[in-house]
Structures are given as structure tokens and as C-alpha cells.
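Notes follow once the structure below has been shown.
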Amino acid sequence: MAEPKRQELLEEIQKLKERLRDREAALPAHSVRPHQIQEIEELEEKIAVLEGNLAAMTTG
């Protein structure tokens, strides 16, 4: 029963990591705008939460 949820979490983490890589690659070499940094930080936070949930499923 937990395996589909685990797979769903893995897929969501992968999608978020891809979006994060895209956002980081789109950053200009100079004059990064605050909203760009904020979007990257939000993605990093979402990834961390999902990875925490995944770890809890694995150990719990």
C-alpha cells in the first residue's frame, strides 16, 4: 500500500529537481532579481519536505 505513495513522492521530487535545475540555469550572470532567488528557495524547501516525507516512509 505504501509503495504507490513512495513512487509518487519520488516522481514529485524528480520533477521539482528538474524545475530547480531549469530555474538555476536561467539565472543571469549579473543582477539576479529577488523573485528568482525566492522561486529557487521555494523549490528547495518543497524538495526538502518531500525528501523528509520519503525518509519517514522508509524508516517508519
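Going by the C-alpha cells order, chains are called A, B, ..., each with residues numbered from 1, while ligands are numbered from 1 in the order shown.
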With the cut-off set at 7 Å and counting only C-alpha atoms, tabulate each residue of stretch 22-50 of chain A with an atom at most that distance from an atom of stretch 7-16 of chain A, showing the nearest atom pair and its distance in Å to one decimal, ordered by chain and increasing number, as a Markdown table.
```
| residue | atom | partner | partner_atom | distance |
| --- | --- | --- | --- | --- |
| A:Leu43 | CA | A:Leu16 | CA | 6.5 |
| A:Ile47 | CA | A:Ile13 | CA | 5.8 |
| A:Leu50 | CA | A:Leu9 | CA | 6.6 |
```
Selection file, C-alpha atoms, as a CSV table (one decimal), in the first residue's frame:
```csv
chain,number,residue,atom,x,y,z
A,43,LEU,CA,11.6,24.8,-4.8
A,47,ILE,CA,12.1,19.2,-2.2
A,50,LEU,CA,9.2,15.7,0.2
```
**Report entry** Non-local contacts of stretch 22-29 of chain A (8 Å; only C-alpha atoms; under 3 positions in same chain excluded) as a list in words
**Finding:** Glu18, Arg19, Val32, Gln36, Glu39 and Ile40 of chain A
